[in-house]
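J.: This is upload-v9.txt, which holds compact mmCIF, C-alpha atoms and all ligand atoms:
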# COMPACT_ATOMS: atom_id res chain seq x y z
CA MET A 1 0.00 0.00 0.00
CA THR A 2 1.01 3.63 -0.37
CA GLU A 3 1.53 4.52 3.31
CA ASP A 4 4.96 2.98 3.59
CA ARG A 5 6.20 4.12 0.17
CA SER A 6 7.98 7.38 -0.48
CA ALA A 7 6.86 9.66 -3.33
CA ALA A 8 10.05 8.70 -5.19
CA ASP A 9 9.14 4.99 -4.85
CA VAL A 10 5.65 5.69 -6.17
CA PHE A 11 6.97 7.52 -9.25
CA ARG A 12 9.76 4.99 -9.81
CA LEU A 13 7.02 2.41 -10.40
CA LEU A 14 6.16 4.30 -13.60
CA ALA A 15 9.71 4.46 -14.99
CA ASP A 16 8.89 1.59 -17.31
CA ASP A 17 7.24 1.72 -20.73
CA THR A 18 5.24 -1.48 -20.19
CA ARG A 19 3.67 -0.19 -16.97
CA VAL A 20 2.69 3.11 -18.58
CA ASP A 21 1.21 1.06 -21.45
CA VAL A 22 -0.74 -1.04 -18.92
CA LEU A 23 -2.32 2.07 -17.35
CA ARG A 24 -3.10 3.47 -20.79
CA ALA A 25 -4.62 0.15 -21.89
CA VAL A 26 -6.81 -0.01 -18.77
CA ALA A 27 -8.11 3.52 -19.41
CA VAL A 28 -8.69 2.92 -23.15
CA THR A 29 -10.39 -0.45 -22.64
CA GLN A 30 -12.58 0.90 -19.82
CA HIS A 31 -13.54 3.81 -22.06
CA GLU A 32 -14.55 1.41 -24.83
CA LEU A 33 -16.46 -0.90 -22.49
CA GLU A 34 -18.35 1.55 -20.33
CA GLY A 35 -21.99 2.17 -21.11
CA VAL A 36 -23.90 5.08 -19.64
CA GLY A 37 -23.95 4.90 -15.85
CA SER A 38 -22.22 1.54 -15.65
CA GLY A 39 -19.28 2.80 -13.55
CA ALA A 40 -15.66 1.80 -14.01
CA ALA A 41 -15.37 -1.76 -15.28
CA GLU A 42 -12.78 -4.17 -13.92
CA LEU A 43 -10.56 -5.66 -16.60
CA ALA A 44 -9.57 -9.30 -16.58
CA PHE A 45 -5.90 -10.22 -16.85
CA SER A 46 -6.51 -11.60 -20.37
CA GLU A 47 -8.10 -8.33 -21.55
CA ILE A 48 -5.05 -6.34 -20.46
CA TYR A 49 -2.71 -8.96 -21.95
CA ASP A 50 -4.43 -8.53 -25.35
CA GLU A 51 -3.80 -4.78 -25.34
CA VAL A 52 -0.24 -4.53 -24.05
CA ASP A 53 2.93 -5.41 -25.93
CA VAL A 54 4.58 -7.65 -23.32
CA GLU A 55 6.68 -10.81 -23.83
CA ASN A 56 4.66 -13.27 -21.77
CA THR A 57 2.03 -13.62 -19.06
CA SER A 58 4.51 -13.87 -16.20
CA LYS A 59 6.05 -10.48 -17.19
CA LEU A 60 2.59 -8.91 -17.26
CA SER A 61 1.74 -10.54 -13.97
CA TYR A 62 4.88 -9.01 -12.44
CA HIS A 63 4.08 -5.50 -13.73
CA LEU A 64 0.44 -5.72 -12.60
CA GLY A 65 1.66 -6.77 -9.16
CA GLU A 66 3.92 -3.72 -8.98
CA LEU A 67 1.16 -1.31 -10.07
CA THR A 68 -1.53 -2.77 -7.81
CA GLY A 69 -2.00 -0.92 -4.54
CA VAL A 70 -0.82 2.40 -5.97
CA TYR A 71 -2.10 2.87 -9.54
CA LEU A 72 -4.45 -0.11 -9.86
CA ARG A 73 -7.00 -1.79 -7.64
CA LYS A 74 -7.63 -5.50 -7.88
CA GLY A 75 -11.23 -6.60 -7.41
CA ASP A 76 -13.10 -9.89 -7.84
CA ASP A 77 -13.39 -9.42 -11.63
CA GLY A 78 -10.00 -7.89 -12.37
CA TYR A 79 -8.19 -4.58 -12.38
CA SER A 80 -9.33 -0.97 -12.33
CA LEU A 81 -7.63 2.38 -11.81
CA SER A 82 -7.04 3.72 -8.30
CA HIS A 83 -7.36 7.44 -7.49
CA ALA A 84 -3.65 7.95 -8.25
CA GLY A 85 -4.00 5.80 -11.39
CA GLU A 86 -6.90 7.94 -12.60
CA ARG A 87 -4.99 11.18 -12.06
CA ILE A 88 -1.79 9.98 -13.66
CA VAL A 89 -3.33 8.21 -16.67
CA ARG A 90 -5.52 11.21 -17.56
CA PHE A 91 -2.39 13.36 -17.28
CA ILE A 92 -0.51 10.96 -19.60
CA LEU A 93 -3.34 10.62 -22.14
CA SER A 94 -3.92 14.39 -22.36
CA ARG A 95 -0.15 14.93 -22.70
CA ASN A 96 -0.38 17.73 -20.18
CA TYR A 97 3.28 17.21 -19.35
CA GLU A 98 4.13 18.99 -22.62
CA GLN A 99 4.50 22.74 -23.13
CA PRO A 100 1.27 24.46 -24.26
CA GLU A 101 1.36 25.60 -27.89
CA SER A 102 1.98 29.27 -28.40
CA PHE A 103 -1.08 31.45 -28.67
CA GLY A 104 -1.84 35.10 -29.40
CA PRO A 105 -1.53 37.95 -29.04
CA VAL A 106 -5.27 38.48 -29.50
CA SER A 107 -7.23 41.45 -28.23
CA VAL A 108 -9.74 40.73 -25.45
CA GLU A 109 -12.55 42.71 -23.83
CA GLY A 110 -11.98 44.16 -20.40
CA ARG A 111 -10.17 46.95 -18.67
CA CYS A 112 -6.77 47.47 -17.09
CA VAL A 113 -7.14 47.69 -13.31
CA PHE A 114 -4.07 49.93 -13.06
CA CYS A 115 -4.64 52.64 -15.69
CA GLY A 116 -8.20 52.01 -16.87
CA GLY A 117 -7.00 51.29 -20.42
CA GLU A 118 -9.25 49.16 -22.61
CA ALA A 119 -6.70 47.82 -25.09
CA LEU A 120 -5.94 44.42 -23.62
CA GLU A 121 -4.02 41.63 -25.30
CA ALA A 122 -3.92 37.94 -24.41
CA LYS A 123 -1.07 35.60 -25.22
CA ARG A 124 0.56 32.47 -23.87
CA SER A 125 3.45 32.97 -21.50
CA HIS A 126 4.91 29.64 -20.34
CA GLN A 127 2.01 27.73 -18.73
CA PHE A 128 -0.17 30.83 -18.38
CA LEU A 129 -2.50 32.82 -20.52
CA ARG A 130 -1.35 36.30 -19.77
CA ILE A 131 -3.36 39.44 -20.41
CA ASP A 132 -1.41 42.68 -20.72
CA CYS A 133 -2.48 46.29 -20.98
CA THR A 134 -1.00 47.77 -24.16
CA ALA A 135 -1.25 51.30 -22.69
CA CYS A 136 0.69 50.93 -19.41
CA GLU A 137 2.31 47.59 -20.33
CA LYS A 138 1.37 46.03 -16.99
CA GLN A 139 0.18 42.45 -16.66
CA VAL A 140 -3.55 42.57 -15.97
CA THR A 141 -3.93 38.86 -15.19
CA GLY A 142 -2.23 35.49 -15.61
CA GLN A 143 -4.39 32.38 -15.70
CA PRO A 144 -2.99 28.83 -15.78
CA ILE A 145 -3.63 26.88 -18.99
CA THR A 146 -3.01 23.25 -19.88
CA PRO A 147 -1.56 22.00 -23.18
CA ALA A 148 -4.81 20.07 -23.89
CA GLN A 149 -6.83 23.21 -23.24
CA VAL A 150 -4.85 25.09 -25.92
CA ARG A 151 -4.63 22.14 -28.35
CA THR A 152 -8.40 21.65 -28.59
CA ARG A 153 -9.41 25.31 -28.97
CA ASP A 154 -8.74 28.42 -30.96
CA GLY A 155 -8.59 32.06 -29.83
CA GLU A 156 -12.06 32.97 -28.66
CA SER A 157 -13.03 29.58 -27.28
CA LEU A 158 -9.69 29.35 -25.46
CA VAL A 159 -10.33 32.68 -23.73
CA ARG A 160 -13.86 31.47 -22.88
CA SER A 161 -12.46 28.28 -21.35
CA ILE A 162 -10.10 30.33 -19.20
CA LYS A 163 -12.98 32.44 -17.90
CA LEU A 164 -14.88 29.26 -17.11
CA ARG A 165 -11.95 27.68 -15.29
CA SER A 166 -11.21 30.80 -13.24
CA ALA A 167 -14.90 31.19 -12.29
CA GLU A 168 -15.12 27.51 -11.29
CA ASP A 169 -11.93 27.77 -9.24
CA ALA A 170 -13.11 30.96 -7.56
CA GLY A 171 -16.44 29.31 -6.73
CA GLN A 172 -14.73 26.28 -5.17
CA ILE A 173 -12.28 28.38 -3.16
CA ARG A 174 -15.17 30.49 -1.88
CA ARG A 175 -16.84 27.30 -0.67
CA GLY A 176 -13.66 26.16 1.09
CA MET A 177 -12.24 23.64 -1.35
CA CYS A 178 -8.85 23.62 -3.05
CA PRO A 179 -9.51 23.10 -6.80
CA GLU A 180 -6.21 21.24 -7.16
CA CYS A 181 -6.43 18.62 -4.42
CA GLY A 182 -9.79 18.98 -2.69
CA ALA A 183 -8.38 19.90 0.74
CA ARG A 184 -9.75 22.77 2.84
CA PRO A 185 -7.59 25.90 2.43
CA SER A 186 -6.94 28.40 5.21
CA VAL A 187 -8.17 31.91 4.48
CA GLU A 188 -6.79 35.26 5.55
CA VAL A 189 -7.87 38.81 4.74
CA SER A 190 -5.16 41.45 4.74
CA ALA A 191 -4.94 45.15 3.97
CA VAL A 192 -2.59 46.13 1.14
CA PRO A 193 -1.20 49.56 2.11
CA GLU A 194 0.82 50.34 -1.03
CA SER A 195 -1.55 48.59 -3.42
CA PRO A 196 -1.31 49.54 -7.10
CA LEU A 197 -5.01 48.65 -7.27
CA PRO A 198 -7.74 51.27 -7.03
CA ASP A 199 -8.62 52.56 -3.52
CA ALA A 200 -12.08 51.04 -3.89
CA ASP A 201 -10.80 47.74 -2.50
CA PRO A 202 -7.70 47.83 -0.29
CA TYR A 203 -8.14 44.22 0.95
CA VAL A 204 -6.81 40.98 -0.43
CA VAL A 205 -8.03 37.49 0.40
CA THR A 206 -5.33 34.83 0.46
CA SER A 207 -6.48 31.21 0.44
CA THR A 208 -3.64 28.81 1.12
CA CYS A 209 -3.91 25.06 0.73
CA GLU A 210 -1.60 23.60 3.38
CA GLU A 211 -1.82 20.17 1.69
CA CYS A 212 -0.65 20.95 -1.88
CA LEU A 213 0.68 24.47 -1.15
CA ARG A 214 -1.43 26.11 -3.85
CA GLU A 215 -2.17 29.74 -3.02
CA TYR A 216 -4.97 31.91 -4.40
CA ASN A 217 -5.12 35.68 -4.07
CA SER A 218 -7.98 37.94 -4.93
CA PRO A 219 -9.27 41.39 -4.04
CA LEU A 220 -11.93 41.04 -1.32
CA THR A 221 -14.61 42.33 -3.73
CA TYR A 222 -13.85 39.59 -6.27
CA SER A 223 -13.95 36.88 -3.61
CA VAL A 224 -17.73 37.34 -3.22
CA VAL A 225 -18.64 37.75 -6.89
CA HIS A 226 -19.47 34.03 -7.13
CA HIS A 227 -21.63 34.03 -4.00
CA PRO A 228 -25.23 33.11 -4.95
CA ALA A 229 -26.48 36.55 -3.81
CA SER A 230 -24.12 38.26 -6.28
CA ILE A 231 -24.75 35.74 -9.08
CA ALA A 232 -28.53 36.25 -8.73
CA PHE A 233 -28.25 40.05 -8.38
CA HIS A 234 -26.21 40.31 -11.57
CA TRP A 235 -28.26 37.68 -13.42
CA ASP A 236 -31.39 39.77 -12.76
CA ARG A 237 -29.58 42.64 -14.51
CA GLY A 238 -28.50 40.64 -17.55
CA VAL A 239 -24.96 39.85 -16.38
CA ASP A 240 -23.76 36.28 -15.98
CA VAL A 241 -20.77 36.72 -13.66
CA THR A 242 -19.99 32.99 -13.88
CA ALA A 243 -19.08 33.49 -17.55
CA ARG A 244 -16.76 36.46 -16.93
CA GLY A 245 -13.01 36.57 -16.52
CA VAL A 246 -11.54 38.54 -13.62
CA TRP A 247 -10.16 41.15 -16.04
CA GLU A 248 -13.76 41.89 -17.03
CA PHE A 249 -14.47 42.88 -13.40
CA HIS A 250 -11.64 45.42 -13.28
CA GLU A 251 -13.79 48.16 -14.79
CA ARG A 252 -16.09 48.05 -11.77
CA LEU A 253 -13.21 48.27 -9.34
CA TYR A 254 -11.47 50.95 -11.37
CA LYS A 255 -14.62 53.07 -11.46
CA GLY A 256 -15.24 52.55 -7.74
CA CYS A 257 -18.55 50.72 -8.24
CA TRP A 258 -17.37 47.69 -6.31
CA THR A 259 -16.00 48.59 -2.90
CA SER A 260 -14.91 46.96 0.33
CA GLU A 261 -14.39 48.27 3.83
CA ARG A 262 -13.63 46.94 7.28
CA THR A 263 -16.62 47.53 9.51
CA SER A 264 -15.24 46.03 12.74
CA SER A 265 -11.77 45.16 13.98
CA ASP A 266 -12.50 42.90 16.96
CA PRO A 267 -13.53 40.51 15.61
CA GLU A 268 -12.72 41.60 12.09
CA GLU A 269 -15.70 42.11 9.83
CA TYR A 270 -15.92 43.46 6.33
CA GLU A 271 -18.54 44.75 3.98
CA VAL A 272 -18.47 44.52 0.21
CA VAL A 273 -20.87 46.51 -1.95
CA LEU A 274 -21.35 45.54 -5.60
CA ARG A 275 -23.25 48.24 -7.47
CA HIS A 276 -25.01 47.93 -10.80
CA GLY A 277 -27.32 50.50 -12.34
CA ASP A 278 -29.23 52.15 -9.48
CA ASP A 279 -29.03 49.10 -7.25
CA ALA A 280 -26.49 47.24 -5.19
CA VAL A 281 -25.97 44.02 -3.33
CA ARG A 282 -24.26 44.35 0.06
CA LEU A 283 -22.43 41.39 1.58
CA ARG A 284 -21.14 41.15 5.16
CA LEU A 285 -18.05 38.99 5.66
CA ASP A 286 -16.29 37.61 8.74
CA SER A 287 -12.52 37.49 9.26
CA THR A 288 -12.20 34.43 7.00
CA ALA A 289 -14.03 36.17 4.13
CA THR A 290 -17.06 33.95 4.70
CA VAL A 291 -20.27 35.72 3.75
CA VAL A 292 -22.47 35.95 6.86
CA GLY A 293 -25.22 38.21 5.51
CA THR A 294 -26.47 39.77 2.30
CA GLU A 295 -29.00 42.37 1.31
CA ARG A 296 -30.04 44.19 -1.83
CA VAL A 297 -30.10 47.96 -1.81
CA ARG A 298 -32.22 50.11 -4.10
CA GLY A 299 -31.03 53.49 -5.32
CA ALA A 300 -27.41 53.00 -4.25
CA SER A 301 -24.94 55.77 -4.96
CA GLY A 302 -21.87 55.31 -7.17
CA GLU A 303 -23.84 53.44 -9.76
CA PHE A 304 -22.16 51.29 -12.34
CA ARG A 305 -23.10 51.86 -15.95
CA PRO A 306 -21.54 49.28 -18.20
CA SER A 307 -19.76 50.99 -21.08
ZN ZN B 1 -2.93 49.78 -18.04
ZN ZN B 2 -4.62 21.79 -2.47
Could I get this file's structure written as structure tokens?
T.:
Amino acid sequence: MTEDRSAADVFRLLADDTRVDVLRAVAVTQHELEGVGSGAAELAFSEIYDEVDVENTSKLSYHLGELTGVYLRKGDDGYSLSHAGERIVRFILSRNYEQPESFGPVSVEGRCVFCGGEALEAKRSHQFLRIDCTACEKQVTGQPITPAQVRTRDGESLVRSIKLRSAEDAGQIRRGMCPECGARPSVEVSAVPESPLPDADPYVVTSTCEECLREYNSPLTYSVVHHPASIAFHWDRGVDVTARGVWEFHERLYKGCWTSERTSSDPEEYEVVLRHGDDAVRLRLDSTATVVGTERVRGASGEFRPS
């Protein structure tokens, strides 16, 4: 079992073409076998033997023995992928260990949070889709992309997929789940004194996953955009915030229509106001940026008029 193996031992098990072929064969054969709702099928030894280029049955038996317990599970009817096997074989099949193909620059909608400029350009930079402001030359956002994500899309649909991914991630983080590993992140709100961001929101939420060490940062205002109260408020006004990229929210922050403030220091409490048209939704947050109350406000000042 995995408990008494080191990470190096676990990965060393894969340093063999036949074993990688076995995992691939299990995934491919399961994919071909599975009907709707039938769950993951177990593959018999003979089914795997038919699919893998291996000298004889005792060699295959040896490799299956090595993989079982970490990458494969052995049940009454044969072999299936374990959690680690699933993760690793999908990674192998999608070739996400490669470098993403180059992409861009293409112009995208949105606004620079630093200078208010509207000429934004997206391009690939290493494993990120990076959006830069052509006026002040600052990076407006950087969103992680996978090689498969780029390979299967062109310009506009790639940008759409990045919006979708960032909205999904933001929604999961807001609900206390690390999108990478599923653990519960710790959350901290801090004031940014010398922030280059507009004064409208001087607070940043940092969610840190202590398990996989992934860290997410966002202005406090953005951290509540995917709360149901905000989604519904905007939906009622013809805006689907779940289909927007963060750079498309910058206009609101830049114009001071979305604001945050600390309303209490012991214990710490915050208030975020998201304005649209003549109305607003007000969200009260505790020290961990958890929304503890919401209300809609009619005739709010500092209205946001989309341009
Ligand atoms: Zn700019
Ligand atoms: Zn994590």
J.: Find the residues near ligand ZN 2 (chain B). Use a cut-off of 12 Å, count all atoms listed in the file, and write them as a PyMOL selection string.
T.: chain A and resi 169+172-173+176-186+207-216
J.: Would you pick out the contacts of range 78-81 of chain A at 8 Å or less, using all atoms listed in the file, so that residues sharing its chain but fewer than 2 positions from it are not included, and give the list as a PDB file with C-alpha atoms, keeping the file's coordinate frame?
T.:
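Once written, out38.pdb looks like this:
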ATOM      1  CA  LEU A  23      -2.320   2.070 -17.350  1.00  0.00           C
ATOM      2  CA  VAL A  26      -6.810  -0.010 -18.770  1.00  0.00           C
ATOM      3  CA  ALA A  27      -8.110   3.520 -19.410  1.00  0.00           C
ATOM      4  CA  ALA A  40     -15.660   1.800 -14.010  1.00  0.00           C
ATOM      5  CA  ALA A  41     -15.370  -1.760 -15.280  1.00  0.00           C
ATOM      6  CA  GLU A  42     -12.780  -4.170 -13.920  1.00  0.00           C
ATOM      7  CA  LEU A  43     -10.560  -5.660 -16.600  1.00  0.00           C
ATOM      8  CA  ALA A  44      -9.570  -9.300 -16.580  1.00  0.00           C
ATOM      9  CA  PHE A  45      -5.900 -10.220 -16.850  1.00  0.00           C
ATOM     10  CA  TYR A  71      -2.100   2.870  -9.540  1.00  0.00           C
ATOM     11  CA  LEU A  72      -4.450  -0.110  -9.860  1.00  0.00           C
ATOM     12  CA  ARG A  73      -7.000  -1.790  -7.640  1.00  0.00           C
ATOM     13  CA  LYS A  74      -7.630  -5.500  -7.880  1.00  0.00           C
ATOM     14  CA  GLY A  75     -11.230  -6.600  -7.410  1.00  0.00           C
ATOM     15  CA  ASP A  76     -13.100  -9.890  -7.840  1.00  0.00           C
ATOM     16  CA  HIS A  83      -7.360   7.440  -7.490  1.00  0.00           C
ATOM     17  CA  ALA A  84      -3.650   7.950  -8.250  1.00  0.00           C
ATOM     18  CA  GLY A  85      -4.000   5.800 -11.390  1.00  0.00           C
ATOM     19  CA  GLU A  86      -6.900   7.940 -12.600  1.00  0.00           C
TER      20      GLU A  86
END
J.: Can you pull out the residues contacting range 126-129 of chain A? Cut-off 9 Å, using all atoms listed in the file, and skip same-chain residues under 2 positions away; I want them as a list in words.
T.: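 Contacts, with the query itself left out: Gln99, Pro100, Ser102, Phe103, Ala122, Lys123, Arg124, Ile131, Thr141, Gly142, Gln143, Pro144, Ile145, Thr146, Pro147, Val159 and Ile162 of chain A.
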J.: Rounded to one decimal, what separation in Å do you get between CA of Ser287 in chain A and CA of Ile231 in chain A?
T.: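 Result for CA of Ser287 in chain A versus CA of Ile231 in chain A: 22.1 Å, one decimal.
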J.: Around ligand ZN 1 (chain B), out to 9 Å and counting all atoms listed in the file, which residues are there? I want them as a ChimeraX atom specification.
T.: /A:111-120,132-140
J.: Just to confirm, what's the straight-line distance from CA of Ala167 in chain A to CA of Glu248 in chain A in Å (one decimal)?
T.: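 So the answer is 11.8 Å.
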J.: Pick out the residues sitting within 12 Å of Ser264 in chain A, and hand them over as a CSV table (one decimal) with C-alpha atoms, in the frame of the given file; count only C-alpha atoms, and ignore anything fewer than 4 positions along from it in its own chain.
T.:
chain,number,residue,atom,x,y,z
A,268,GLU,CA,-12.7,41.6,12.1
A,269,GLU,CA,-15.7,42.1,9.8
A,270,TYR,CA,-15.9,43.5,6.3
A,271,GLU,CA,-18.5,44.8,4.0
A,284,ARG,CA,-21.1,41.2,5.2
A,285,LEU,CA,-18.0,39.0,5.7
A,286,ASP,CA,-16.3,37.6,8.7
A,287,SER,CA,-12.5,37.5,9.3
J.: State, in Å with one decimal place, the distance from CA of Thr206 in chain A to CA of Leu220 in chain A.
T.: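 Pair CA of Thr206 in chain A / CA of Leu220 in chain A returns 9.2 Å.
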J.: If you count all atoms listed in the file, which residues fall within 8 Å of Thr259 in chain A, apart from same-chain ones fewer than 2 positions away, as an mmCIF file with C-alpha atoms, in the frame of the given file?
T.:
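Wrote out-v5.cif, looks like this:
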data_model
loop_
_atom_site.group_PDB
_atom_site.id
_atom_site.type_symbol
_atom_site.label_atom_id
_atom_site.label_comp_id
_atom_site.auth_asym_id
_atom_site.auth_seq_id
_atom_site.Cartn_x
_atom_site.Cartn_y
_atom_site.Cartn_z
ATOM 1 C CA ALA A 200 -12.080 51.040 -3.890
ATOM 2 C CA ASP A 201 -10.800 47.740 -2.500
ATOM 3 C CA THR A 221 -14.610 42.330 -3.730
ATOM 4 C CA LEU A 253 -13.210 48.270 -9.340
ATOM 5 C CA GLY A 256 -15.240 52.550 -7.740
ATOM 6 C CA CYS A 257 -18.550 50.720 -8.240
ATOM 7 C CA GLU A 261 -14.390 48.270 3.830
ATOM 8 C CA VAL A 272 -18.470 44.520 0.210
ATOM 9 C CA VAL A 273 -20.870 46.510 -1.950
ATOM 10 C CA LEU A 274 -21.350 45.540 -5.600
#
J.: Nearest residue to Gly238 in chain A out of A:Trp258, A:His276, A:Pro202, A:Thr152, using all atoms listed in the file?
T.: A:His276
J.: Might you pull out every residue within 10 Å of Ala25 in chain A, with all atoms listed in the file counted and same-chain residues fewer than 4 positions away left off, and present them as an MDAnalysis selection string?
T.: chainID A and resid 19:21 29:31 43 47:52 89
J.: Please determine an axis-aligned box that encloses all atoms of range 118-128 of chain A listed in the file, with 5 Å added on each side, and express its centre and edge lengths in Å to one decimal as lines of an AutoDock Vina configuration file.
T.:
center_x = -2.2
center_y = 38.4
center_z = -21.8
size_x = 24.2
size_y = 31.4
size_z = 16.9
J.: Using all atoms listed in the file, which of the listed residues (A:Ile88, A:Arg95, A:Val22, A:Tyr222) sits closest to Leu60 in chain A?
T.: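 That would be A:Val22, the residue with the smallest distance to Leu60 in chain A.
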